[in-house]
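Trainee: Structure file upload.txt (compact mmCIF, C-alpha atoms) is given on the next line.
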# COMPACT_ATOMS: atom_id res chain seq x y z
CA MET A 1 0.00 0.00 0.00
CA LYS A 2 1.38 3.40 -0.98
CA PRO A 3 2.12 5.95 1.80
CA THR A 4 -0.27 8.38 0.12
CA GLU A 5 -3.12 5.94 0.78
CA PHE A 6 -2.54 6.05 4.53
CA ALA A 7 -2.15 9.84 4.47
CA LYS A 8 -5.47 10.21 2.64
CA ARG A 9 -7.22 8.10 5.26
CA ARG A 10 -5.77 10.14 8.12
CA LYS A 11 -6.87 13.39 6.48
CA GLN A 12 -10.39 12.04 5.99
CA LEU A 13 -10.65 10.92 9.61
CA MET A 14 -9.34 14.24 10.95
CA ARG A 15 -11.91 16.15 8.89
CA MET A 16 -14.65 14.14 10.60
CA MET A 17 -13.10 14.55 14.06
CA GLY A 18 -13.03 18.35 14.02
CA ARG A 19 -10.49 20.93 15.05
CA ASP A 20 -10.41 20.49 18.85
CA ALA A 21 -10.17 16.67 18.98
CA ILE A 22 -7.42 14.12 19.41
CA ALA A 23 -7.36 10.46 18.33
CA ILE A 24 -5.17 7.88 20.04
CA LEU A 25 -4.56 4.41 18.59
CA PRO A 26 -2.26 1.82 20.17
CA ALA A 27 -0.62 -0.91 18.13
CA ALA A 28 -1.44 -4.55 18.80
CA PRO A 29 0.56 -6.05 21.67
CA ILE A 30 2.87 -9.03 21.31
CA ARG A 31 1.06 -12.24 22.27
CA LYS A 32 2.85 -15.07 24.06
CA ARG A 33 2.23 -18.54 22.65
CA ASN A 34 3.98 -20.39 25.45
CA ALA A 35 7.24 -20.18 27.38
CA GLY A 36 9.91 -18.65 25.18
CA THR A 37 7.80 -18.24 22.03
CA GLU A 38 5.35 -15.73 20.64
CA TYR A 39 2.57 -15.88 18.09
CA PRO A 40 3.52 -14.35 14.72
CA TYR A 41 2.94 -10.64 15.07
CA ARG A 42 -0.06 -9.18 13.30
CA GLN A 43 -0.77 -5.47 13.56
CA ASP A 44 -4.09 -4.15 14.88
CA SER A 45 -6.30 -3.52 11.84
CA ASP A 46 -7.36 0.01 12.78
CA PHE A 47 -3.78 1.01 13.56
CA GLN A 48 -2.59 -0.54 10.30
CA PHE A 49 -5.37 1.16 8.34
CA LEU A 50 -4.17 4.61 9.39
CA SER A 51 -0.42 4.15 9.70
CA GLY A 52 0.91 1.15 7.80
CA PHE A 53 3.42 0.88 10.65
CA PRO A 54 4.16 -2.83 11.26
CA GLU A 55 5.79 -2.84 14.72
CA PRO A 56 4.47 -3.43 18.25
CA GLU A 57 4.89 -1.01 21.15
CA ALA A 58 3.68 1.92 19.09
CA VAL A 59 0.96 4.56 19.42
CA ALA A 60 -0.45 6.78 16.68
CA VAL A 61 -1.83 10.21 17.59
CA LEU A 62 -3.89 12.45 15.30
CA LEU A 63 -4.24 16.15 16.13
CA PRO A 64 -6.29 18.02 13.51
CA HIS A 65 -5.03 21.55 12.72
CA ARG A 66 -1.98 21.30 14.98
CA PRO A 67 0.57 23.67 13.39
CA GLU A 68 3.58 21.61 14.55
CA GLY A 69 2.23 18.47 12.87
CA GLU A 70 -1.04 16.56 12.87
CA TYR A 71 0.30 12.99 12.83
CA ILE A 72 2.61 11.74 15.58
CA LEU A 73 4.00 8.27 16.19
CA PHE A 74 5.46 6.89 19.40
CA VAL A 75 7.67 3.91 18.50
CA ARG A 76 10.40 1.73 19.93
CA ASP A 77 13.82 3.34 19.91
CA ARG A 78 16.63 1.77 17.89
CA ASP A 79 18.45 -0.83 19.99
CA PRO A 80 21.30 -2.77 18.32
CA THR A 81 21.20 -5.54 20.94
CA ARG A 82 17.47 -6.19 20.66
CA GLU A 83 17.57 -5.80 16.89
CA MET A 84 20.17 -8.56 16.74
CA TRP A 85 17.67 -10.89 18.43
CA ASP A 86 14.28 -9.66 17.20
CA GLY A 87 14.87 -7.81 13.93
CA LEU A 88 15.37 -4.25 12.78
CA ARG A 89 13.31 -1.36 14.13
CA ALA A 90 12.32 1.81 12.34
CA GLY A 91 12.94 4.05 15.34
CA PRO A 92 11.61 7.63 15.48
CA GLU A 93 13.68 8.67 12.47
CA GLY A 94 12.34 5.82 10.35
CA ALA A 95 8.78 6.54 11.48
CA VAL A 96 9.11 9.99 9.92
CA ALA A 97 11.15 9.07 6.86
CA ARG A 98 9.38 5.84 5.86
CA TYR A 99 5.93 5.98 7.44
CA GLY A 100 4.92 9.59 6.97
CA ALA A 101 4.78 10.79 10.59
CA ASP A 102 5.06 14.55 11.04
CA ASP A 103 6.99 13.84 14.22
CA ALA A 104 7.95 10.73 16.19
CA PHE A 105 9.19 10.04 19.70
CA PRO A 106 10.49 7.04 21.63
CA PHE A 107 7.68 4.99 23.12
CA ALA A 108 9.41 5.23 26.50
CA ASP A 109 8.71 8.98 26.53
CA ILE A 110 4.95 8.73 25.97
CA ASP A 111 3.95 9.48 29.58
CA GLU A 112 5.88 12.74 29.44
CA ILE A 113 4.73 13.93 26.02
CA LEU A 114 1.20 12.68 25.36
CA PRO A 115 -0.53 14.48 28.28
CA GLY A 116 0.71 17.75 26.81
CA LEU A 117 -0.85 16.82 23.48
CA LEU A 118 -4.18 16.23 25.22
CA GLU A 119 -4.26 19.77 26.59
CA SER A 120 -6.72 22.13 24.90
CA ARG A 121 -8.48 19.25 23.15
CA SER A 122 -12.14 18.88 24.10
CA ARG A 123 -12.76 15.40 22.66
CA VAL A 124 -10.69 12.23 22.84
CA TYR A 125 -11.38 9.70 20.09
CA TYR A 126 -10.36 6.32 21.43
CA THR A 127 -11.66 2.73 21.30
CA MET A 128 -12.23 1.59 24.88
CA GLY A 129 -12.02 -2.09 25.77
CA LEU A 130 -9.81 -3.27 22.94
CA HIS A 131 -6.57 -2.91 24.91
CA PRO A 132 -7.58 -2.84 28.62
CA GLU A 133 -4.10 -2.07 29.96
CA PHE A 134 -3.69 0.89 27.66
CA ASP A 135 -7.23 2.05 28.52
CA GLN A 136 -6.04 2.71 32.08
CA ARG A 137 -3.11 4.68 30.78
CA VAL A 138 -5.32 6.97 28.69
CA ILE A 139 -7.77 7.48 31.54
CA GLY A 140 -4.87 8.28 33.85
CA TRP A 141 -3.55 10.98 31.48
CA VAL A 142 -6.97 12.62 31.19
CA ASN A 143 -7.69 12.44 34.92
CA GLY A 144 -4.29 13.93 35.63
CA LEU A 145 -5.12 16.90 33.43
CA ARG A 146 -8.59 17.29 34.93
CA ALA A 147 -7.03 17.51 38.38
CA GLN A 148 -5.30 20.67 37.16
CA ALA A 149 -8.50 22.24 35.80
CA LYS A 150 -8.73 24.51 38.84
CA HIS A 151 -5.59 26.21 37.57
CA GLY A 152 -7.39 27.20 34.38
CA MET A 153 -6.20 24.34 32.18
CA HIS A 154 -8.61 23.41 29.38
CA THR A 155 -8.91 19.61 29.47
CA PRO A 156 -10.82 16.97 27.47
CA GLN A 157 -14.46 16.71 28.50
CA GLU A 158 -15.64 13.90 26.28
CA PHE A 159 -14.54 10.43 25.16
CA VAL A 160 -15.86 9.43 21.72
CA ALA A 161 -15.73 5.91 20.27
CA LEU A 162 -13.13 6.09 17.51
CA ASP A 163 -14.33 2.87 15.92
CA HIS A 164 -17.69 4.45 15.03
CA LEU A 165 -15.99 6.74 12.50
CA LEU A 166 -13.10 4.53 11.56
CA HIS A 167 -15.07 1.36 10.88
CA ASP A 168 -17.44 3.14 8.56
CA MET A 169 -14.41 4.38 6.63
CA ARG A 170 -13.03 0.85 6.42
CA LEU A 171 -16.30 -0.45 4.97
CA TYR A 172 -15.66 1.35 1.65
CA LYS A 173 -12.61 -0.08 -0.10
CA SER A 174 -10.41 2.10 -2.28
CA ARG A 175 -9.00 1.03 -5.63
CA ASP A 176 -5.68 0.19 -3.95
CA GLU A 177 -7.37 -1.90 -1.28
CA ILE A 178 -9.38 -3.83 -3.86
CA GLY A 179 -6.15 -4.43 -5.75
CA VAL A 180 -4.55 -6.05 -2.70
CA MET A 181 -7.69 -8.11 -2.03
CA ARG A 182 -7.69 -9.26 -5.65
CA ARG A 183 -4.09 -10.46 -5.31
CA ALA A 184 -4.92 -12.26 -2.05
CA ALA A 185 -7.87 -13.90 -3.79
CA ALA A 186 -5.68 -15.02 -6.71
CA ILE A 187 -3.24 -16.68 -4.29
CA SER A 188 -6.14 -18.41 -2.56
CA VAL A 189 -7.49 -19.65 -5.88
CA THR A 190 -4.14 -21.27 -6.71
CA ALA A 191 -3.96 -22.77 -3.21
CA HIS A 192 -7.40 -24.38 -3.56
CA GLN A 193 -6.41 -25.71 -6.99
CA ARG A 194 -3.34 -27.36 -5.43
CA ALA A 195 -5.56 -29.08 -2.88
CA MET A 196 -7.98 -30.25 -5.55
CA ARG A 197 -5.10 -31.73 -7.55
CA LEU A 198 -3.81 -33.66 -4.54
CA SER A 199 -7.20 -34.98 -3.44
CA ALA A 200 -7.57 -38.76 -3.59
CA PRO A 201 -8.83 -41.52 -1.32
CA GLY A 202 -6.39 -42.07 1.55
CA VAL A 203 -4.94 -38.54 1.46
CA THR A 204 -5.50 -36.84 4.80
CA GLU A 205 -7.30 -33.60 5.51
CA TYR A 206 -4.12 -32.12 6.95
CA GLN A 207 -2.22 -32.89 3.75
CA LEU A 208 -4.68 -30.78 1.77
CA ALA A 209 -4.36 -28.04 4.41
CA ALA A 210 -0.58 -28.19 4.01
CA GLU A 211 -0.84 -27.63 0.26
CA ILE A 212 -2.95 -24.54 0.87
CA VAL A 213 -0.72 -23.00 3.54
CA HIS A 214 2.36 -23.75 1.40
CA GLU A 215 0.92 -21.69 -1.45
CA PHE A 216 0.10 -18.81 0.88
CA HIS A 217 3.61 -18.63 2.28
CA ARG A 218 5.19 -19.14 -1.14
CA ASN A 219 3.59 -15.83 -2.11
CA GLN A 220 4.48 -13.92 1.09
CA GLY A 221 0.98 -14.38 2.45
CA VAL A 222 -0.34 -16.00 5.59
CA SER A 223 -3.58 -17.76 6.49
CA ALA A 224 -6.34 -15.25 7.13
CA TYR A 225 -7.77 -17.92 9.47
CA GLU A 226 -7.04 -21.56 10.21
CA PRO A 227 -8.06 -23.59 7.14
CA ILE A 228 -11.04 -25.91 7.45
CA VAL A 229 -10.69 -29.19 5.57
CA GLY A 230 -13.63 -31.47 6.27
CA GLY A 231 -14.05 -34.79 4.48
CA GLY A 232 -17.38 -36.61 4.47
CA ALA A 233 -19.57 -35.86 7.48
CA ASN A 234 -16.87 -33.56 8.91
CA ALA A 235 -18.11 -30.99 6.39
CA CYS A 236 -21.31 -30.75 8.44
CA ILE A 237 -19.31 -29.21 11.33
CA LEU A 238 -19.25 -25.53 10.42
CA HIS A 239 -16.05 -24.70 12.31
CA TYR A 240 -14.32 -28.05 11.95
CA ARG A 241 -10.73 -27.68 13.16
CA GLU A 242 -9.12 -31.09 13.55
CA ASN A 243 -8.18 -31.61 9.86
CA ALA A 244 -6.93 -35.04 10.89
CA GLN A 245 -8.97 -37.68 9.05
CA PRO A 246 -8.12 -39.62 5.87
CA LEU A 247 -10.35 -38.87 2.90
CA ARG A 248 -12.62 -41.68 1.78
CA ASP A 249 -13.53 -42.80 -1.71
CA GLY A 250 -17.04 -41.59 -2.58
CA ASP A 251 -17.07 -38.70 -0.09
CA LEU A 252 -17.00 -34.97 -0.67
CA VAL A 253 -14.43 -32.71 0.97
CA LEU A 254 -15.17 -29.12 2.00
CA ILE A 255 -12.27 -26.65 2.13
CA ASP A 256 -12.68 -23.18 3.64
CA ALA A 257 -9.38 -21.30 3.42
CA GLY A 258 -8.19 -17.82 2.52
CA CYS A 259 -4.91 -15.98 2.19
CA GLU A 260 -4.12 -12.74 3.99
CA LEU A 261 -1.82 -10.42 2.06
CA ASP A 262 -0.58 -7.10 3.44
CA CYS A 263 -3.25 -7.32 6.17
CA TYR A 264 -6.12 -7.88 3.69
CA ALA A 265 -8.05 -11.14 3.74
CA SER A 266 -9.63 -13.43 1.21
CA ASP A 267 -12.14 -16.13 2.08
CA ILE A 268 -13.02 -19.04 -0.23
CA THR A 269 -14.95 -22.26 0.27
CA ARG A 270 -15.23 -25.05 -2.26
CA THR A 271 -16.71 -28.54 -1.93
CA PHE A 272 -15.68 -31.27 -4.36
CA PRO A 273 -15.56 -35.07 -4.64
CA VAL A 274 -12.50 -36.75 -3.17
CA ASN A 275 -12.18 -39.06 -6.18
CA GLY A 276 -13.15 -36.44 -8.76
CA ARG A 277 -16.69 -37.66 -9.51
CA PHE A 278 -19.95 -36.58 -7.85
CA THR A 279 -22.49 -39.22 -6.93
CA PRO A 280 -26.08 -38.45 -8.07
CA ALA A 281 -27.11 -37.41 -4.54
CA GLN A 282 -24.04 -35.24 -4.08
CA ARG A 283 -24.56 -33.50 -7.40
CA ALA A 284 -28.27 -32.90 -6.72
CA LEU A 285 -27.56 -31.22 -3.39
CA TYR A 286 -24.55 -29.36 -4.79
CA GLU A 287 -26.60 -27.87 -7.60
CA VAL A 288 -29.08 -26.46 -5.09
CA VAL A 289 -26.28 -24.70 -3.18
CA LEU A 290 -24.70 -23.42 -6.39
CA ALA A 291 -28.03 -22.04 -7.62
CA ALA A 292 -28.49 -20.32 -4.26
CA GLN A 293 -25.04 -18.78 -4.43
CA LEU A 294 -25.53 -17.50 -7.98
CA ALA A 295 -28.91 -16.03 -7.00
CA ALA A 296 -27.31 -14.31 -4.00
CA ILE A 297 -24.42 -12.90 -6.05
CA GLU A 298 -26.92 -11.48 -8.53
CA GLN A 299 -28.39 -9.43 -5.66
CA CYS A 300 -25.00 -7.87 -4.81
CA ARG A 301 -25.77 -4.64 -6.60
CA PRO A 302 -25.84 -1.00 -5.50
CA GLY A 303 -29.20 0.05 -4.17
CA ASN A 304 -30.09 -3.39 -2.87
CA HIS A 305 -29.98 -4.02 0.87
CA TRP A 306 -27.57 -6.16 2.86
CA ASN A 307 -30.19 -8.86 3.40
CA ASP A 308 -31.24 -9.21 -0.24
CA PRO A 309 -28.50 -11.77 -1.12
CA HIS A 310 -29.44 -13.82 1.96
CA ASP A 311 -33.14 -13.71 1.09
CA ALA A 312 -32.38 -14.91 -2.44
CA ALA A 313 -30.26 -17.78 -1.13
CA VAL A 314 -32.92 -18.78 1.40
CA ARG A 315 -35.66 -18.91 -1.24
CA THR A 316 -33.52 -20.96 -3.61
CA ILE A 317 -32.37 -23.41 -0.94
CA THR A 318 -35.87 -23.85 0.45
CA GLN A 319 -37.24 -24.57 -3.02
CA GLY A 320 -34.40 -27.05 -3.57
CA LEU A 321 -35.09 -28.80 -0.28
CA VAL A 322 -38.72 -29.19 -1.33
CA SER A 323 -37.70 -30.63 -4.70
CA LEU A 324 -35.36 -33.14 -3.04
CA GLY A 325 -37.91 -34.33 -0.49
CA PHE A 326 -36.56 -32.63 2.63
CA LEU A 327 -39.58 -30.36 3.02
CA SER A 328 -43.15 -30.13 1.81
CA GLY A 329 -45.61 -27.26 1.78
CA LYS A 330 -46.02 -23.79 0.38
CA LEU A 331 -42.68 -22.07 -0.33
CA SER A 332 -43.60 -18.71 1.21
CA LYS A 333 -44.72 -20.31 4.46
CA LEU A 334 -41.66 -22.57 4.66
CA VAL A 335 -39.41 -19.53 4.24
CA LYS A 336 -41.37 -17.50 6.79
CA ASP A 337 -41.24 -20.35 9.32
CA GLY A 338 -37.51 -20.92 8.79
CA ALA A 339 -38.07 -24.57 7.88
CA TYR A 340 -34.73 -24.58 6.03
CA ARG A 341 -32.71 -23.76 9.15
CA GLU A 342 -32.05 -27.38 10.14
CA TRP A 343 -29.82 -27.62 7.05
CA PHE A 344 -28.89 -23.98 6.36
CA MET A 345 -28.34 -22.37 9.74
CA HIS A 346 -26.02 -19.44 9.05
CA ARG A 347 -26.13 -16.15 7.20
CA THR A 348 -25.15 -15.99 3.54
CA GLY A 349 -22.16 -13.70 4.01
CA HIS A 350 -20.23 -11.10 5.95
CA TRP A 351 -18.17 -7.99 5.27
CA LEU A 352 -14.63 -8.70 4.12
CA GLY A 353 -11.48 -6.60 4.27
CA MET A 354 -8.63 -6.25 6.74
CA ASP A 355 -10.50 -8.67 9.00
CA VAL A 356 -12.10 -11.82 7.63
CA HIS A 357 -15.33 -10.81 9.35
CA ASP A 358 -14.67 -7.16 8.65
CA VAL A 359 -16.01 -4.14 10.47
CA GLY A 360 -19.09 -2.21 9.44
CA ASP A 361 -22.72 -2.08 10.53
CA TYR A 362 -25.16 -4.42 8.82
CA LYS A 363 -28.09 -2.23 9.77
CA VAL A 364 -28.55 1.54 9.91
CA GLY A 365 -31.17 2.10 12.53
CA ASP A 366 -33.73 -0.65 12.06
CA ALA A 367 -33.16 -1.03 8.31
CA TRP A 368 -30.70 -3.29 6.51
CA ARG A 369 -27.81 -1.30 5.08
CA VAL A 370 -27.95 -0.29 1.43
CA LEU A 371 -25.16 -1.83 -0.66
CA GLU A 372 -22.85 0.75 -2.24
CA PRO A 373 -19.84 0.62 -4.55
CA GLY A 374 -16.62 -0.25 -2.73
CA MET A 375 -18.20 -2.55 -0.19
CA ALA A 376 -16.73 -6.08 -0.11
CA LEU A 377 -18.49 -9.15 1.20
CA THR A 378 -18.56 -12.92 1.03
CA VAL A 379 -21.40 -14.95 -0.46
CA GLU A 380 -21.48 -18.42 1.10
CA PRO A 381 -24.70 -20.42 1.27
CA GLY A 382 -24.54 -24.04 2.31
CA ILE A 383 -26.50 -27.16 3.11
CA TYR A 384 -25.35 -29.47 5.91
CA VAL A 385 -27.11 -32.78 6.38
CA ALA A 386 -25.86 -34.35 9.60
CA PRO A 387 -25.64 -38.14 9.63
CA GLY A 388 -28.42 -38.24 12.22
CA SER A 389 -30.80 -35.94 10.35
CA ARG A 390 -33.95 -38.11 10.37
CA GLN A 391 -36.07 -35.71 8.33
CA ALA A 392 -33.61 -35.79 5.43
CA PRO A 393 -33.78 -38.50 2.76
CA LYS A 394 -31.22 -41.21 3.53
CA GLU A 395 -29.10 -40.69 0.43
CA PHE A 396 -28.23 -37.14 1.56
CA ARG A 397 -27.28 -37.84 5.16
CA GLY A 398 -23.68 -37.04 6.02
CA ILE A 399 -23.24 -34.59 3.13
CA GLY A 400 -22.08 -31.03 3.82
CA ILE A 401 -21.70 -28.46 1.03
CA ARG A 402 -20.73 -24.79 1.09
CA ILE A 403 -19.66 -22.56 -1.81
CA GLU A 404 -18.10 -19.19 -0.99
CA ASP A 405 -16.74 -16.34 -3.08
CA ASP A 406 -15.51 -12.80 -2.41
CA VAL A 407 -17.55 -10.05 -4.05
CA VAL A 408 -17.03 -6.29 -4.41
CA ILE A 409 -20.03 -4.06 -5.05
CA THR A 410 -19.51 -1.94 -8.17
CA ARG A 411 -21.69 0.52 -10.07
CA ALA A 412 -22.55 -2.29 -12.47
CA THR A 413 -22.28 -6.06 -12.16
CA PRO A 414 -20.81 -7.70 -9.03
CA ASP A 415 -17.03 -8.08 -9.13
CA VAL A 416 -16.31 -11.65 -8.01
CA LEU A 417 -12.66 -11.57 -6.95
CA THR A 418 -12.47 -15.36 -6.64
CA ASP A 419 -14.15 -16.39 -9.88
CA GLY A 420 -10.93 -18.00 -11.11
CA LEU A 421 -11.72 -21.09 -9.03
CA VAL A 422 -14.09 -23.56 -10.66
CA LYS A 423 -17.40 -24.28 -8.96
CA ASP A 424 -19.70 -25.64 -11.68
CA PRO A 425 -19.88 -29.41 -11.02
CA ASP A 426 -19.00 -30.34 -14.61
CA GLN A 427 -16.02 -27.98 -14.53
CA ILE A 428 -14.89 -29.45 -11.20
CA GLU A 429 -14.97 -32.96 -12.62
CA ARG A 430 -13.06 -31.89 -15.72
CA PHE A 431 -10.46 -30.04 -13.64
CA MET A 432 -9.91 -33.04 -11.42
CA ALA A 433 -9.76 -35.43 -14.36
CA GLU A 434 -6.96 -33.33 -15.91
CA ARG A 435 -4.96 -32.83 -12.71
CA ARG A 436 -2.56 -35.75 -13.03
If you took the structure in this file and wrote it as structure tokens, what would it be?

Mentor:
Amino acid sequence: MKPTEFAKRRKQLMRMMGRDAIAILPAAPIRKRNAGTEYPYRQDSDFQFLSGFPEPEAVAVLLPHRPEGEYILFVRDRDPTREMWDGLRAGPEGAVARYGADDAFPFADIDEILPGLLESRSRVYYTMGLHPEFDQRVIGWVNGLRAQAKHGMHTPQEFVALDHLLHDMRLYKSRDEIGVMRRAAAISVTAHQRAMRLSAPGVTEYQLAAEIVHEFHRNQGVSAYEPIVGGGANACILHYRENAQPLRDGDLVLIDAGCELDCYASDITRTFPVNGRFTPAQRALYEVVLAAQLAAIEQCRPGNHWNDPHDAAVRTITQGLVSLGFLSGKLSKLVKDGAYREWFMHRTGHWLGMDVHDVGDYKVGDAWRVLEPGMALTVEPGIYVAPGSRQAPKEFRGIGIRIEDDVVITRATPDVLTDGLVKDPDQIERFMAERR
């Protein structure tokens, strides 16, 4: 992401904050995995969105209309000894030269400097509860200033939730952001193709997961979330995590996996036959899910509401369940009663961006949000027939199917970022027949 992109975001946020406000954003802390090791560091999404600064122990401060500089970073000082162990640091000089800060200070000096920046600001934009330890620090600075109010000092009188403004900004993706998401999606497509090529009876779920993660890392990406690889009835467990079973001849396998690139996520699910050929029952159920997904994607147009894709998927799936003998009755009543929910129990999608389940309100007031260009979402209907589902016809029991793509709302037709990965059942069979 270009430095000008981050600068543009900061300017936009400061315009909304107003002249006499201050925004404070801490970086994500380092997380311990166990004794002597840490989880791979991933920057806080809000902090990353405004700064692009990749290090921990940092704080970004925005001060609209401050003559000495509106954007200040507190960062770790250079330390040759620690850098030998943990990697290079930007330091205050690098924060200015490479990350666009108007000024930067050592993080160790924050208690001395930041209270002075709070003076004469009436509103503090800050997200409470995200970093509890830092919350106490911010409250301490403000209370310390308020204790001096009797001496005539003008101190902040109001805390405002920063995420209310910032998350609405993040909901609308710029051209550069969509470009990164498109590259992440392309990596994910190739990763899923690798798994489809390897699939065969006796191959394990974790071997397919390994193919996917390999492709992510080969392209300087990481997993946006832990991959789900569920063979057979494991596909009916929505958040299946074990990825430990061998794949069986005649089963389907569901893979839900997405690459994160430069802090932007992709999210793809495909379901395909382990041996490369659908059984009649598998194909019949698969075609219902595919029809529901295509109907939902068609609703991803500006002017429609957030719930319109879900409503389209629900109608299509309910009609399919009637046709296959799962349900009987009038379609409108079955939809109204939620008769489909035993087999389709989740929503059809979610916002997508820096977080897999990205920020942004789904409703404005009591109404579903209107879809607008630049919004990105997933479309992922599914049908999950647990082995013990007595109401389902026997031939469908133990089959789980989900199909998921990443979609950007445009002024015209939906932009499906992940359409490079086959999902038509005939195309899947041809792809798998040609893989060897």

Trainee: With all atoms listed in the file as the counted atoms, please give the residues lying no more than 7 Å from segment 349-355 of chain A, apart from itself and same-chain residues fewer than 3 positions off, as an MDAnalysis selection string.

Mentor: chainID A and resid 45 263:265 358:359 376:380

Trainee: Those selected residues, please, written with C-alpha atoms and delivered as a short mmCIF file (atom, residue, chain, number, x, y, z; two decimals), in the coordinates of the input.

Mentor:
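part10.cif, freshly written:
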data_model
loop_
_atom_site.label_atom_id
_atom_site.label_comp_id
_atom_site.auth_asym_id
_atom_site.auth_seq_id
_atom_site.Cartn_x
_atom_site.Cartn_y
_atom_site.Cartn_z
CA SER A 45 -6.30 -3.52 11.84
CA CYS A 263 -3.25 -7.32 6.17
CA TYR A 264 -6.12 -7.88 3.69
CA ALA A 265 -8.05 -11.14 3.74
CA ASP A 358 -14.67 -7.16 8.65
CA VAL A 359 -16.01 -4.14 10.47
CA ALA A 376 -16.73 -6.08 -0.11
CA LEU A 377 -18.49 -9.15 1.20
CA THR A 378 -18.56 -12.92 1.03
CA VAL A 379 -21.40 -14.95 -0.46
CA GLU A 380 -21.48 -18.42 1.10
#

Trainee: Please indicate the distance in Å from atom CA of Ile228 of chain A to atom CA of Ala257 of chain A, rounded to one decimal place.

Mentor: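 Between atom CA of Ile228 of chain A and atom CA of Ala257 of chain A the gap works out to 6.3 Å.
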
Trainee: Ranking A:Asp46, A:Asp256, A:Ala108, A:Met1 by minimum distance to Asp77 of chain A and counting all atoms listed in the file, which one comes first?

Mentor: A:Ala108

Trainee: Which residue out of A:Phe278, A:Arg137, A:Asp405, A:Ser332 has the minimum interatomic distance to Ala296 of chain A when all atoms listed in the file are used?

Mentor: A:Asp405

Trainee: Got a sec: who's within 7 Å of Ile255 of chain A, counting only C-alpha atoms, leaving out chain neighbours fewer than 2 positions off, as a list of chain:residue names?

Mentor: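 My list of contacting residues is A:Ile228, A:Val229, A:Gly230, A:Val253, A:Ala257, A:Thr269, A:Arg270, A:Thr271.
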
Trainee: Which residue gives the smallest distance to Arg402 of chain A among A:Leu50, A:Ala200, A:Val385, A:Val322, with all atoms listed in the file counted?

Mentor: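 Checking each candidate against Arg402 of chain A, we get A:Val385 as the closest.
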
Trainee: What separation in Å, quoted to one decimal, exists between atom CA of Asp406 of chain A and atom CA of Gln245 of chain A?

Mentor: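 These atoms are spaced 28.2 Å apart.
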
Trainee: Env of segment 292-294 of chain A: 12 Å cut, atoms = all atoms listed in the file, seq-sep filter 6 positions within chain, self excluded. Answer as a PyMOL selection string.

Mentor: chain A and resi 269-270+285-286+300+309-321+344+347-349+378-383+401-407+414+416+419+423-424

Trainee: Write out as a list of chain:residue names which residues come within 10 Å of Ala281 of chain A when counting all atoms listed in the file, dropping same-chain ones fewer than 6 positions away.

Mentor: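 Here the answer would be A:Leu324, A:Pro393, A:Lys394, A:Glu395, A:Phe396, A:Arg397, A:Ile399.
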
Trainee: From the options A:Glu70, A:Asn243, A:Tyr340, A:Leu371, which residue's atoms come nearest to Ser328 of chain A, counting only C-alpha atoms?

Mentor: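 Closest candidate: A:Tyr340.
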
Trainee: Using only C-alpha atoms, find the one residue out of A:Val160, A:Ala90, A:Ala35, A:Arg98 that sits nearest to Ala23 of chain A.

Mentor: A:Val160

Trainee: What does the distance from atom CA of Asp176 of chain A to atom CA of Ser266 of chain A come to in Å, to one decimal?

Mentor: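 A separation of 15.1 Å between them.
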
Trainee: Determine the nearest neighbour of Thr279 of chain A from the options A:Ala291, A:Pro373, A:Pro425, A:Pro40, counting only C-alpha atoms.

Mentor: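 Looking only at the distances to Thr279 of chain A, the closest residue turns out to be A:Pro425.
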
Trainee: Select all residues near (12.5, 10.0, 18.5) (cut-off 8 Å, inclusive, file coordinates), counting all atoms listed in the file, and output them as a list in words.

Mentor: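 Returned residue set, sorted by chain then number, is Phe74, Val75, Asp77, Gly91, Pro92, Glu93, Asp103, Ala104, Phe105 and Pro106 of chain A.
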
Trainee: Produce a table with one row for each residue of segment 199-261 of chain A that has an atom at most 12 Å from any atom of segment 41-44 of chain A, each row naming the nearest atom pair and its distance in Å at one decimal; use only C-alpha atoms; arrange rows by chain and rising residue number; format as JSON lines.

Mentor:
{"residue": "A:Val222", "atom": "CA", "partner": "A:Arg42", "partner_atom": "CA", "distance": 10.3}
{"residue": "A:Ser223", "atom": "CA", "partner": "A:Arg42", "partner_atom": "CA", "distance": 11.5}
{"residue": "A:Ala224", "atom": "CA", "partner": "A:Arg42", "partner_atom": "CA", "distance": 10.7}
{"residue": "A:Glu260", "atom": "CA", "partner": "A:Arg42", "partner_atom": "CA", "distance": 10.8}
{"residue": "A:Leu261", "atom": "CA", "partner": "A:Arg42", "partner_atom": "CA", "distance": 11.4}
